[in-house]
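Shown below: work-v4.cif, with mmCIF, C-alpha atoms.
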data_coords
loop_
_atom_site.label_atom_id
_atom_site.label_comp_id
_atom_site.auth_asym_id
_atom_site.auth_seq_id
_atom_site.Cartn_x
_atom_site.Cartn_y
_atom_site.Cartn_z
CA MET C 1 0.00 0.00 0.00
CA GLY C 2 0.98 3.58 -0.46
CA TYR C 3 0.87 5.83 2.54
CA PRO C 4 -0.46 9.36 2.90
CA ARG C 5 1.71 12.45 2.95
CA MET C 6 -0.04 15.08 4.95
CA ARG C 7 0.24 18.56 6.25
CA LEU C 8 -1.36 20.01 9.35
CA ALA C 9 -1.87 23.74 9.45
CA PRO C 10 -3.54 26.12 11.91
CA LEU C 11 -6.57 28.00 10.71
CA GLY C 12 -5.45 31.40 9.57
CA LEU C 13 -2.64 30.27 7.27
CA LEU C 14 -3.18 29.87 3.54
CA SER C 15 -1.67 27.00 1.56
CA PHE C 16 -0.77 27.46 -2.10
CA ALA C 17 0.62 23.94 -2.70
CA ALA C 18 -0.77 21.92 -5.59
CA LEU C 19 -3.79 19.73 -4.77
CA VAL C 20 -4.09 21.30 -1.31
CA LEU C 21 -7.32 22.98 -0.29
CA SER C 22 -7.32 26.56 0.93
CA LEU C 23 -7.88 27.06 4.65
CA PHE C 24 -10.69 29.06 6.21
CA ILE C 25 -11.37 30.47 9.68
CA THR C 26 -14.44 30.45 11.87
CA ALA C 27 -15.00 32.10 15.22
CA ARG C 28 -14.30 29.83 18.20
CA PRO C 29 -14.42 30.21 21.97
CA ALA C 30 -11.10 31.37 23.37
CA SER C 31 -10.47 27.98 24.96
CA ALA C 32 -11.26 25.94 21.85
CA ALA C 33 -9.04 26.36 18.81
CA SER C 34 -9.19 24.61 15.46
CA ALA C 35 -6.84 23.39 12.75
CA THR C 36 -7.30 21.89 9.30
CA LEU C 37 -5.56 18.75 8.09
CA LEU C 38 -4.67 18.69 4.39
CA TRP C 39 -3.38 15.69 2.45
CA THR C 40 -3.57 13.89 -0.88
CA SER C 41 -5.42 10.57 -0.83
CA PRO C 42 -3.03 7.60 -1.24
CA GLY C 43 -3.57 4.46 -3.32
CA ASP C 44 -3.32 0.71 -2.84
CA ASN C 45 -1.66 -1.85 -5.16
CA GLY C 46 0.91 0.52 -6.58
CA GLY C 47 -1.31 3.57 -6.19
CA ALA C 48 -4.07 2.58 -8.63
CA ALA C 49 -6.62 1.14 -6.18
CA ARG C 50 -8.58 3.15 -3.66
CA VAL C 51 -8.03 2.85 0.09
CA TYR C 52 -11.05 2.35 2.35
CA TYR C 53 -10.18 3.58 5.84
CA TYR C 54 -8.18 6.26 7.66
CA ASP C 55 -6.79 6.34 11.18
CA LEU C 56 -5.56 9.72 12.46
CA ARG C 57 -3.81 10.27 15.80
CA ILE C 58 -2.64 13.55 17.34
CA SER C 59 -0.79 14.40 20.55
CA THR C 60 0.91 17.31 22.28
CA SER C 61 3.84 14.95 22.97
CA ALA C 62 6.66 14.72 20.45
CA ILE C 63 7.90 11.36 19.18
CA THR C 64 10.98 10.29 21.07
CA GLY C 65 13.68 8.81 18.84
CA THR C 66 12.25 6.17 16.50
CA ASP C 67 9.62 4.75 18.85
CA THR C 68 6.62 5.65 16.70
CA THR C 69 4.54 2.70 17.93
CA SER C 70 4.47 3.84 21.58
CA TRP C 71 3.56 7.36 20.52
CA TRP C 72 0.77 6.04 18.28
CA ASN C 73 -0.76 3.88 21.03
CA ALA C 74 -0.78 6.78 23.51
CA ALA C 75 -2.01 9.48 21.09
CA THR C 76 -5.60 10.70 20.78
CA LYS C 77 -7.59 9.07 17.97
CA ILE C 78 -9.52 11.58 15.86
CA PRO C 79 -13.02 10.40 14.84
CA MET C 80 -13.15 9.74 11.08
CA THR C 81 -16.84 8.79 10.93
CA GLY C 82 -18.17 9.58 7.47
CA LYS C 83 -14.67 10.29 6.14
CA THR C 84 -14.61 8.08 3.05
CA PRO C 85 -11.22 8.13 1.27
CA LEU C 86 -11.40 9.63 -2.20
CA THR C 87 -9.80 8.28 -5.37
CA PRO C 88 -5.96 8.27 -5.31
CA GLY C 89 -4.46 11.71 -5.84
CA SER C 90 -7.55 13.62 -4.69
CA PRO C 91 -7.24 16.49 -2.19
CA GLU C 92 -8.55 15.63 1.27
CA THR C 93 -9.36 17.91 4.18
CA LEU C 94 -10.49 17.49 7.80
CA VAL C 95 -11.29 20.23 10.32
CA MET C 96 -10.32 19.40 13.91
CA ASN C 97 -12.15 21.36 16.61
CA GLY C 98 -11.83 21.55 20.38
CA LEU C 99 -8.04 21.91 20.41
CA ILE C 100 -6.14 23.96 22.97
CA SER C 101 -5.26 27.40 21.64
CA GLY C 102 -1.51 27.93 21.43
CA ALA C 103 -0.65 24.27 22.05
CA LYS C 104 1.77 22.51 19.70
CA TYR C 105 0.43 19.24 18.26
CA TYR C 106 1.94 16.32 16.37
CA GLY C 107 -0.08 14.17 13.97
CA ILE C 108 0.28 10.90 12.06
CA LEU C 109 -2.13 9.35 9.54
CA LYS C 110 -2.51 5.74 8.33
CA SER C 111 -4.73 4.19 5.65
CA ALA C 112 -6.07 0.67 5.04
CA ASP C 113 -7.53 -1.36 2.21
CA SER C 114 -10.84 -3.28 2.31
CA GLN C 115 -9.14 -6.18 4.13
CA LEU C 116 -7.82 -3.86 6.86
CA ASN C 117 -4.21 -4.13 5.73
CA TRP C 118 -2.80 -0.93 7.21
CA SER C 119 -0.16 1.27 5.62
CA ARG C 120 2.99 2.51 7.24
CA TYR C 121 2.87 5.73 9.26
CA SER C 122 2.69 8.96 7.31
CA ASN C 123 5.21 11.73 7.83
CA VAL C 124 4.92 13.45 11.22
CA ALA C 125 3.09 16.76 10.88
CA THR C 126 3.39 19.50 13.49
CA PHE C 127 1.09 22.47 14.02
CA THR C 128 0.02 25.01 16.61
CA ALA C 129 -3.72 25.36 17.15
CA VAL C 130 -5.03 28.91 17.07
CA THR C 131 -8.25 30.79 17.66
CA ALA C 132 -9.16 33.45 15.11
CA ILE C 133 -12.12 35.45 13.89
CA THR C 134 -11.46 36.26 10.26
CA GLY C 135 -9.35 34.91 7.44
CA VAL C 136 -6.64 36.93 5.71
CA ASP C 137 -4.93 36.45 2.40
CA ALA C 138 -1.22 36.73 1.76
CA ALA C 139 -1.43 40.53 1.68
CA GLY C 140 -3.24 40.72 5.01
CA VAL C 141 -6.58 41.65 3.42
CA PRO C 142 -9.77 39.90 4.65
CA GLU C 143 -10.94 37.31 2.13
CA LEU C 144 -13.99 35.21 1.45
CA VAL C 145 -14.79 32.52 4.03
CA LEU C 146 -16.71 29.32 3.13
CA GLY C 147 -18.12 27.42 6.09
CA ALA C 148 -18.68 23.70 6.45
CA PRO C 149 -21.96 22.35 4.95
CA ARG C 150 -24.68 21.54 7.43
CA PRO C 151 -25.84 18.92 7.87
CA SER C 152 -23.24 16.54 6.50
CA PRO C 153 -23.99 13.75 5.90
CA THR C 154 -27.32 14.95 4.52
CA THR C 155 -30.30 13.16 3.01
CA GLY C 156 -31.20 16.18 0.93
CA ARG C 157 -30.98 19.90 1.63
CA ALA C 158 -27.83 21.50 3.01
CA ASP C 159 -26.82 25.08 3.84
CA VAL C 160 -23.34 26.62 3.63
CA ASN C 161 -22.31 29.97 5.12
CA LEU C 162 -20.39 32.31 2.83
CA ASP C 163 -18.80 35.58 3.99
CA LEU C 164 -17.59 38.10 1.40
CA PRO C 165 -15.26 41.01 2.24
CA LYS C 166 -16.87 43.16 -0.49
CA SER C 167 -19.22 42.94 -3.48
CA MET C 168 -17.89 40.17 -5.72
CA ASN C 169 -18.84 38.16 -8.79
CA VAL C 170 -19.38 34.71 -7.24
CA GLU C 171 -19.72 31.27 -8.81
CA ALA C 172 -20.93 28.52 -6.45
CA LEU C 173 -20.98 25.00 -7.90
CA VAL C 174 -21.38 21.40 -6.71
CA PHE C 175 -19.14 18.64 -8.13
CA ASP C 176 -19.29 14.89 -7.59
CA ALA C 177 -16.30 12.79 -6.46
CA GLN C 178 -15.21 12.34 -10.10
CA GLY C 179 -15.03 16.09 -10.63
CA ARG C 180 -18.21 16.37 -12.72
CA LEU C 181 -20.39 19.47 -12.33
CA VAL C 182 -23.82 18.43 -10.99
CA ARG C 183 -25.41 21.62 -9.67
CA THR C 184 -25.06 25.41 -9.92
CA LEU C 185 -25.96 27.09 -6.62
CA ASP C 186 -25.26 30.71 -7.54
CA HIS C 187 -23.68 32.68 -10.36
CA GLY C 188 -23.58 36.47 -10.24
CA ILE C 189 -22.63 39.49 -8.18
CA LEU C 190 -23.26 39.26 -4.44
CA PRO C 191 -22.83 42.15 -1.97
CA GLY C 192 -20.21 42.02 0.75
CA GLY C 193 -21.18 40.42 4.04
CA PRO C 194 -22.69 37.09 5.16
CA HIS C 195 -24.70 34.86 2.82
CA ILE C 196 -26.18 31.34 2.96
CA LEU C 197 -25.86 29.02 -0.03
CA HIS C 198 -28.68 26.48 -0.31
CA TRP C 199 -28.46 23.09 -1.98
CA ASP C 200 -31.71 21.15 -2.24
CA GLY C 201 -29.87 17.89 -2.93
CA ARG C 202 -30.92 17.88 -6.59
CA VAL C 203 -28.84 17.95 -9.78
CA ASP C 204 -29.20 20.39 -12.68
CA GLN C 205 -30.45 17.66 -15.02
CA GLY C 206 -33.34 16.93 -12.66
CA GLY C 207 -33.77 14.35 -9.92
CA ASN C 208 -31.93 13.83 -6.65
CA ALA C 209 -28.19 13.51 -6.25
CA VAL C 210 -27.26 9.90 -5.52
CA SER C 211 -25.47 8.85 -2.35
CA GLY C 212 -21.80 9.73 -2.32
CA VAL C 213 -19.18 12.41 -1.74
CA TYR C 214 -19.59 15.86 -3.30
CA TRP C 215 -17.61 19.09 -3.24
CA ILE C 216 -19.07 22.59 -2.99
CA ARG C 217 -16.72 25.02 -4.77
CA VAL C 218 -16.98 28.78 -4.55
CA SER C 219 -14.81 31.02 -6.73
CA ALA C 220 -14.61 34.82 -6.68
CA ALA C 221 -11.95 37.35 -7.66
CA GLY C 222 -9.43 34.59 -8.38
CA LEU C 223 -10.01 32.89 -5.02
CA ILE C 224 -11.33 29.33 -4.78
CA LYS C 225 -12.76 27.65 -1.67
CA ARG C 226 -14.01 24.06 -1.42
CA GLN C 227 -15.98 22.12 1.16
CA LYS C 228 -16.82 18.41 1.19
CA ILE C 229 -20.39 17.19 1.71
CA VAL C 230 -21.68 13.62 1.95
CA VAL C 231 -25.12 12.63 0.63
CA VAL C 232 -26.80 9.53 2.07
CA ARG C 233 -30.08 8.39 0.54
#

What does the file become when written as structure tokens?
Amino acid sequence: MGYPRMRLAPLGLLSFAALVLSLFITARPASAASATLLWTSPGDNGGAARVYYYDLRISTSAITGTDTTSWWNAATKIPMTGKTPLTPGSPETLVMNGLISGAKYYGILKSADSQLNWSRYSNVATFTAVTAITGVDAAGVPELVLGAPRPSPTTGRADVNLDLPKSMNVEALVFDAQGRLVRTLDHGILPGGPHILHWDGRVDQGGNAVSGVYWIRVSAAGLIKRQKIVVVR
């Protein structure tokens, strides 16, 4: 099996690496910070076959020497319920809430095939959890913020919060796991401020979206934000 290469980053930093999703920030209580995990989905059997399961562990303790196993057994397991691995090479993202603001964390990710044959450990990612109110781009200017879909998983309708720093020409689309456009949510100029994008769970051709993983993508002024949503019928 291949094994995932990942990157952990605090909310508030923007990543410009290929196949890595942009980060976003939401308001949190002062005692509860958040961070976003970004990685590219690995493959099985030489990278061609899809993996089926993930196991993510984080800890405020560093790995001592080469004893990764002891660290792994003592680390906190992050719930991955509903996190279905995508096809090999796809960008993956996971928001971790309830972290301690200012604390330094270490994280390792493993993947498994359908027979529960687990991969080796990924690279060790380090990050410092932070609490923030608004996102900033590389120039320090507030940018658009796309919230997580709710509910997800959903049996139909879902809402997504969108905050715009100013009036912008916005395109909001829904893609399936294979990258095919299935629904247009909005296309036009929206004023600055908070908005709610609504998806009724239907596709543009008519009928309901089938069960599976979808991506809501919002683009405006050269910026692109994506959020994953799971449909269960």

Residues within 12 Å of region 70-82 of chain C, all atoms listed in the file, excluding chain neighbours under 5 positions, as number ranges by chain | C: 37, 52-65, 93-99, 105-111, 120-122, 124, 152-154, 212-213, 228-232

Output for the residues just chosen: C-alpha atoms as a PDB file, in the frame of the given file:
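Written output follows (result-v9.pdb):
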ATOM      1  CA  LEU C  37      -5.560  18.750   8.090  1.00  0.00           C
ATOM      2  CA  TYR C  52     -11.050   2.350   2.350  1.00  0.00           C
ATOM      3  CA  TYR C  53     -10.180   3.580   5.840  1.00  0.00           C
ATOM      4  CA  TYR C  54      -8.180   6.260   7.660  1.00  0.00           C
ATOM      5  CA  ASP C  55      -6.790   6.340  11.180  1.00  0.00           C
ATOM      6  CA  LEU C  56      -5.560   9.720  12.460  1.00  0.00           C
ATOM      7  CA  ARG C  57      -3.810  10.270  15.800  1.00  0.00           C
ATOM      8  CA  ILE C  58      -2.640  13.550  17.340  1.00  0.00           C
ATOM      9  CA  SER C  59      -0.790  14.400  20.550  1.00  0.00           C
ATOM     10  CA  THR C  60       0.910  17.310  22.280  1.00  0.00           C
ATOM     11  CA  SER C  61       3.840  14.950  22.970  1.00  0.00           C
ATOM     12  CA  ALA C  62       6.660  14.720  20.450  1.00  0.00           C
ATOM     13  CA  ILE C  63       7.900  11.360  19.180  1.00  0.00           C
ATOM     14  CA  THR C  64      10.980  10.290  21.070  1.00  0.00           C
ATOM     15  CA  GLY C  65      13.680   8.810  18.840  1.00  0.00           C
ATOM     16  CA  THR C  93      -9.360  17.910   4.180  1.00  0.00           C
ATOM     17  CA  LEU C  94     -10.490  17.490   7.800  1.00  0.00           C
ATOM     18  CA  VAL C  95     -11.290  20.230  10.320  1.00  0.00           C
ATOM     19  CA  MET C  96     -10.320  19.400  13.910  1.00  0.00           C
ATOM     20  CA  ASN C  97     -12.150  21.360  16.610  1.00  0.00           C
ATOM     21  CA  GLY C  98     -11.830  21.550  20.380  1.00  0.00           C
ATOM     22  CA  LEU C  99      -8.040  21.910  20.410  1.00  0.00           C
ATOM     23  CA  TYR C 105       0.430  19.240  18.260  1.00  0.00           C
ATOM     24  CA  TYR C 106       1.940  16.320  16.370  1.00  0.00           C
ATOM     25  CA  GLY C 107      -0.080  14.170  13.970  1.00  0.00           C
ATOM     26  CA  ILE C 108       0.280  10.900  12.060  1.00  0.00           C
ATOM     27  CA  LEU C 109      -2.130   9.350   9.540  1.00  0.00           C
ATOM     28  CA  LYS C 110      -2.510   5.740   8.330  1.00  0.00           C
ATOM     29  CA  SER C 111      -4.730   4.190   5.650  1.00  0.00           C
ATOM     30  CA  ARG C 120       2.990   2.510   7.240  1.00  0.00           C
ATOM     31  CA  TYR C 121       2.870   5.730   9.260  1.00  0.00           C
ATOM     32  CA  SER C 122       2.690   8.960   7.310  1.00  0.00           C
ATOM     33  CA  VAL C 124       4.920  13.450  11.220  1.00  0.00           C
ATOM     34  CA  SER C 152     -23.240  16.540   6.500  1.00  0.00           C
ATOM     35  CA  PRO C 153     -23.990  13.750   5.900  1.00  0.00           C
ATOM     36  CA  THR C 154     -27.320  14.950   4.520  1.00  0.00           C
ATOM     37  CA  GLY C 212     -21.800   9.730  -2.320  1.00  0.00           C
ATOM     38  CA  VAL C 213     -19.180  12.410  -1.740  1.00  0.00           C
ATOM     39  CA  LYS C 228     -16.820  18.410   1.190  1.00  0.00           C
ATOM     40  CA  ILE C 229     -20.390  17.190   1.710  1.00  0.00           C
ATOM     41  CA  VAL C 230     -21.680  13.620   1.950  1.00  0.00           C
ATOM     42  CA  VAL C 231     -25.120  12.630   0.630  1.00  0.00           C
ATOM     43  CA  VAL C 232     -26.800   9.530   2.070  1.00  0.00           C
TER      44      VAL C 232
END

To one decimal place, how far is CA of Pro165 (chain C) from CA of Trp199 (chain C) in Å?
->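 Separation between CA of Pro165 (chain C) and CA of Trp199 (chain C): 22.7 Å.
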
Coordinates-based distance that separates CA of Pro42 (chain C) from CA of Ser90 (chain C) (Å, one decimal) |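 Computed distance, CA of Ser90 (chain C) to CA of Pro42 (chain C), equals 8.3 Å.
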
Atom pair CA of Gly89 (chain C) + CA of Thr126 (chain C), distance 22.3 Å

Explicit residue set for the PyMOL selection byres ((chain C and resi 218-227) around 7), as a PyMOL selection string = chain C and resi 21-22+146+148+168-173+215-217+228-229

Tell me which residues the PyMOL selection byres ((chain C and resi 194) around 6) grabs here, as a PyMOL selection string.
-> chain C and resi 162-163+193+195

Check the smallest atom-to-atom distance from each of C:Ile189, C:Val51, C:Ala177, C:Val182 to Gln115 (chain C) using all atoms listed in the file, then report the winner.
->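 Closest to Gln115 (chain C) of all the choices is C:Val51.
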
Residues picked by the PyMOL selection byres ((chain C and resi 203) around 10) here, as a list in words?
-> Val174, Phe175, Leu181, Val182, Arg183, Thr184, Trp199, Asp200, Gly201, Arg202, Asp204, Gln205, Gly206, Gly207, Asn208, Ala209 and Val210 of chain C
